Amino acid sequence: MSSAWAGRDESNRMEVRVQNACGVVLLETSHQTHCAWLRSYSIFGAVRKAYTVAGNLVLQGNKVSFKGAQRQDKLCSVLRELLFGDFTVQLQLMVMAMGIGRCLDVRPGSLLEVRLRRFSWIRVMGRIEEICNLLVFYVTDWRAFEAWVGMRPWEQLPKSTTVSVTRRGTLTVRLTWNGVRWADNRVYEQVTETLAHFVRDLV
């Protein structure tokens with residue numbers, strides 16, 4: 001991550017919060033039955049589910065799906081208790097949020113929306129007048145975004161990047177992949193902070 005945002009006033013900055021992390025766990029060996037697994041049925045047939053403080057898990061065959069996770073280390077700690085053998089954790093969705101330290105006008109035609117539309121690599125979601133307390137935009141060209149903010153290029157580009165901003169200044173970033181190794185949250189926190197600075201500097 002570049003130091004392009006170093007030295008900015010951080011007095012009003014809120015900490016980045018992980019809202020949700022979802023993905024799959026690929027098992028290299030067969031699983032071991034554990035009392036935490038509850039038998040259930042879905043449209044895909046019989047599955048086993050486990051509801052834990054590290055995230056909710058669904059086991060089917062040699063794959064575990066997870067949602068509601070926040071930290072990779074806590075998830076892996078629980079998985080080591082519930083599964084037998086080696087496994088690989090792949091992230092498919094990461095949702096992060098933080099405050100930008102000020103209230104905003106996010107109505108259709110607002111200053112923020114007008115300035116966002118000037119970037120060729122941003123697409124602002126169309127809205128109706130009745131739903132005007134949230135502004136949503138998409139980063140359609142990740143490499144262009146990296147170049148603009150001076151960020152070191154990612155090896156694993158997100159499949160989609162959706163950013164929403166509320167009138168109270170809460171910014172939420174939703175990143176998706178087909179599957180990328182989940183090591184920790186640092187890079188996702190840095191991206192969220194960078195996007196928050198980017199939006200703040202526009203207004």
# chains A, B, ... in the order shown; residues from 1 in each chain; ligands from 1
call {"tool": "select_by_dssp", "arguments": {"residues": "segment 14-186 of chain A", "states": "strand (DSSP E)", "output": "number ranges by chain"}}
result
A: 17-27, 38-42, 45-52, 55-60, 63-69, 87-99, 122-124, 134-139, 160-166, 170-181
call {"tool": "residues_around", "arguments": {"residues": "Trp121 of chain A", "least_positions_apart": "3", "cutoff": "12 Å", "atoms": "only C-alpha atoms", "output": "list in words"}}
result
Leu116, Arg117, Arg118, Val124, Phe137, Tyr138, Val139, Thr140, Asp141, Trp142, Arg143, Ala144, Phe145, Glu146, Ala147, Trp148 and Thr161 of chain A
call {"tool": "write_last_selection", "arguments": {"atoms": "N, CA and C atoms", "output": "compact mmCIF listing (two decimals), in the first residue's frame"}}
result
# COMPACT_ATOMS: atom_id res chain seq x y z
N LEU A 116 -18.22 11.98 -8.43
CA LEU A 116 -17.93 10.57 -8.69
C LEU A 116 -18.12 10.23 -10.16
N ARG A 117 -19.13 10.83 -10.78
CA ARG A 117 -19.43 10.54 -12.19
C ARG A 117 -18.34 11.03 -13.14
N ARG A 118 -17.43 11.85 -12.67
CA ARG A 118 -16.36 12.35 -13.52
C ARG A 118 -15.28 11.30 -13.78
N VAL A 124 -21.94 5.10 -10.94
CA VAL A 124 -22.86 5.39 -9.85
C VAL A 124 -24.18 4.68 -10.11
N PHE A 137 -21.82 3.24 -5.47
CA PHE A 137 -21.07 3.27 -6.72
C PHE A 137 -20.20 2.03 -6.84
N TYR A 138 -19.79 1.73 -8.07
CA TYR A 138 -19.00 0.55 -8.38
C TYR A 138 -17.66 0.98 -8.96
N VAL A 139 -16.59 0.33 -8.53
CA VAL A 139 -15.27 0.53 -9.15
C VAL A 139 -15.20 -0.46 -10.31
N THR A 140 -15.32 0.04 -11.52
CA THR A 140 -15.41 -0.84 -12.69
C THR A 140 -14.05 -1.17 -13.29
N ASP A 141 -13.02 -0.40 -12.96
CA ASP A 141 -11.66 -0.67 -13.45
C ASP A 141 -10.72 -0.56 -12.27
N TRP A 142 -10.39 -1.72 -11.68
CA TRP A 142 -9.59 -1.73 -10.46
C TRP A 142 -8.19 -1.18 -10.70
N ARG A 143 -7.58 -1.46 -11.84
CA ARG A 143 -6.24 -0.96 -12.11
C ARG A 143 -6.22 0.57 -12.20
N ALA A 144 -7.26 1.14 -12.78
CA ALA A 144 -7.35 2.60 -12.86
C ALA A 144 -7.50 3.20 -11.47
N PHE A 145 -8.27 2.55 -10.62
CA PHE A 145 -8.42 3.00 -9.23
C PHE A 145 -7.09 2.95 -8.51
N GLU A 146 -6.34 1.85 -8.66
CA GLU A 146 -5.04 1.73 -8.01
C GLU A 146 -4.10 2.84 -8.44
N ALA A 147 -4.10 3.12 -9.74
CA ALA A 147 -3.21 4.16 -10.26
C ALA A 147 -3.59 5.53 -9.72
N TRP A 148 -4.88 5.80 -9.61
CA TRP A 148 -5.34 7.12 -9.16
C TRP A 148 -4.96 7.39 -7.71
N THR A 161 -16.43 -4.65 -7.04
CA THR A 161 -16.21 -3.74 -5.91
C THR A 161 -17.39 -2.79 -5.83
call {"tool": "atom_distance", "arguments": {"atom1": "atom CA of Asp201 of chain A", "atom2": "atom CA of Arg127 of chain A"}}
result
23.2 Å
call {"tool": "residues_around", "arguments": {"residues": "Arg48 of chain A", "least_positions_apart": "3", "cutoff": "9 Å", "atoms": "only C-alpha atoms", "output": "compact mmCIF listing (two decimals) with N, CA and C atoms, in the first residue's frame"}}
result
# COMPACT_ATOMS: atom_id res chain seq x y z
N TRP A 37 -21.66 -30.55 14.56
CA TRP A 37 -22.31 -30.60 13.25
C TRP A 37 -23.75 -31.10 13.41
N LEU A 38 -24.70 -30.32 12.93
CA LEU A 38 -26.11 -30.67 12.99
C LEU A 38 -26.59 -31.07 11.61
N ARG A 39 -27.23 -32.22 11.52
CA ARG A 39 -27.71 -32.70 10.22
C ARG A 39 -28.89 -31.83 9.78
N SER A 40 -28.87 -31.46 8.50
CA SER A 40 -29.92 -30.61 7.96
C SER A 40 -30.12 -30.97 6.49
N TYR A 41 -31.15 -30.38 5.89
CA TYR A 41 -31.44 -30.65 4.49
C TYR A 41 -31.57 -29.33 3.73
N LEU A 57 -21.13 -22.44 9.49
CA LEU A 57 -20.50 -23.38 8.57
C LEU A 57 -21.51 -24.37 8.02
N VAL A 58 -21.33 -24.73 6.75
CA VAL A 58 -22.15 -25.77 6.12
C VAL A 58 -21.20 -26.77 5.47
N LEU A 59 -21.29 -28.01 5.89
CA LEU A 59 -20.41 -29.07 5.39
C LEU A 59 -21.16 -29.96 4.42
N GLN A 60 -20.61 -30.09 3.21
CA GLN A 60 -21.19 -31.00 2.23
C GLN A 60 -20.05 -31.62 1.42
call {"tool": "atom_distance", "arguments": {"atom1": "atom CA of Val25 of chain A", "atom2": "atom CA of Pro158 of chain A"}}
result
18.8 Å
call {"tool": "closest_residue", "arguments": {"among": "A:Leu202, A:Val191, A:Val173, A:Val64", "to": "Met96 of chain A", "atoms": "only C-alpha atoms"}}
result
A:Val173
call {"tool": "closest_residue", "arguments": {"among": "A:Gln19, A:Asn56, A:Thr170, A:Gln190", "to": "Leu104 of chain A", "atoms": "only C-alpha atoms"}}
result
A:Thr170
call {"tool": "select_by_dssp", "arguments": {"residues": "segment 56-111 of chain A", "states": "alpha helix (DSSP H)", "output": "NGL selection string"}}
result
:A and (72-82 or 111)
call {"tool": "residues_around", "arguments": {"residues": "Thr176 of chain A", "least_positions_apart": "5", "cutoff": "12 Å", "atoms": "only C-alpha atoms", "output": "list in words"}}
result
Asn20, Ala21, Cys22, Gly23, Gln90, Leu91, Gln92, Leu93, Met94, Val95, Met96, Val139, Gln156, Leu157, Pro158, Lys159, Ser160, Thr161, Thr162, Val163 and Tyr188 of chain A
call {"tool": "write_last_selection", "arguments": {"atoms": "C-alpha atoms", "output": "compact mmCIF listing (two decimals), in the first residue's frame"}}
result
# COMPACT_ATOMS: atom_id res chain seq x y z
CA ASN A 20 -18.99 -10.17 6.96
CA ALA A 21 -16.59 -12.59 5.32
CA CYS A 22 -17.87 -15.52 3.27
CA GLY A 23 -16.16 -18.25 1.32
CA GLN A 90 -10.74 -19.32 0.23
CA LEU A 91 -12.45 -15.96 0.53
CA GLN A 92 -15.30 -15.10 -1.84
CA LEU A 93 -16.87 -12.06 -0.15
CA MET A 94 -15.49 -9.43 2.21
CA VAL A 95 -17.62 -6.60 3.58
CA MET A 96 -15.86 -3.80 5.50
CA VAL A 139 -15.27 0.53 -9.15
CA GLN A 156 -5.78 -11.08 -7.01
CA LEU A 157 -8.12 -8.50 -8.48
CA PRO A 158 -11.62 -8.43 -7.00
CA LYS A 159 -14.36 -9.64 -9.32
CA SER A 160 -16.56 -6.76 -8.18
CA THR A 161 -16.21 -3.74 -5.91
CA THR A 162 -19.31 -2.04 -4.54
CA VAL A 163 -19.12 0.99 -2.27
CA TYR A 188 -8.85 -5.20 2.98
call {"tool": "residues_around", "arguments": {"residues": "Asn185 of chain A", "least_positions_apart": "4", "cutoff": "8 Å", "atoms": "only C-alpha atoms", "output": "tab-separated table (two decimals) with N, CA and C atoms, in the first residue's frame"}}
result
chain	number	residue	atom	x	y	z
A	71	ARG	N	-12.58	-12.98	11.24
A	71	ARG	CA	-11.12	-13.15	11.29
A	71	ARG	C	-10.74	-14.55	10.85
A	72	GLN	N	-9.72	-14.63	10.00
A	72	GLN	CA	-9.28	-15.91	9.47
A	72	GLN	C	-8.70	-16.80	10.56
A	189	GLU	N	-8.51	-3.90	5.01
A	189	GLU	CA	-8.64	-2.70	5.84
A	189	GLU	C	-8.00	-1.50	5.16
call {"tool": "closest_residue", "arguments": {"among": "A:Gly179, A:Glu28, A:Arg168, A:His34", "to": "Cys103 of chain A", "atoms": "only C-alpha atoms"}}
result
A:Arg168
call {"tool": "atom_distance", "arguments": {"atom1": "atom CA of Glu81 of chain A", "atom2": "atom CA of Ser65 of chain A"}}
result
16.0 Å
call {"tool": "closest_residue", "arguments": {"among": "A:Leu175, A:Val136, A:Ala69, A:Val180", "to": "Glu155 of chain A", "atoms": "only C-alpha atoms"}}
result
A:Val180
call {"tool": "closest_residue", "arguments": {"among": "A:Val47, A:Ala183, A:Met151, A:Cys35", "to": "Lys74 of chain A", "atoms": "only C-alpha atoms"}}
result
A:Ala183
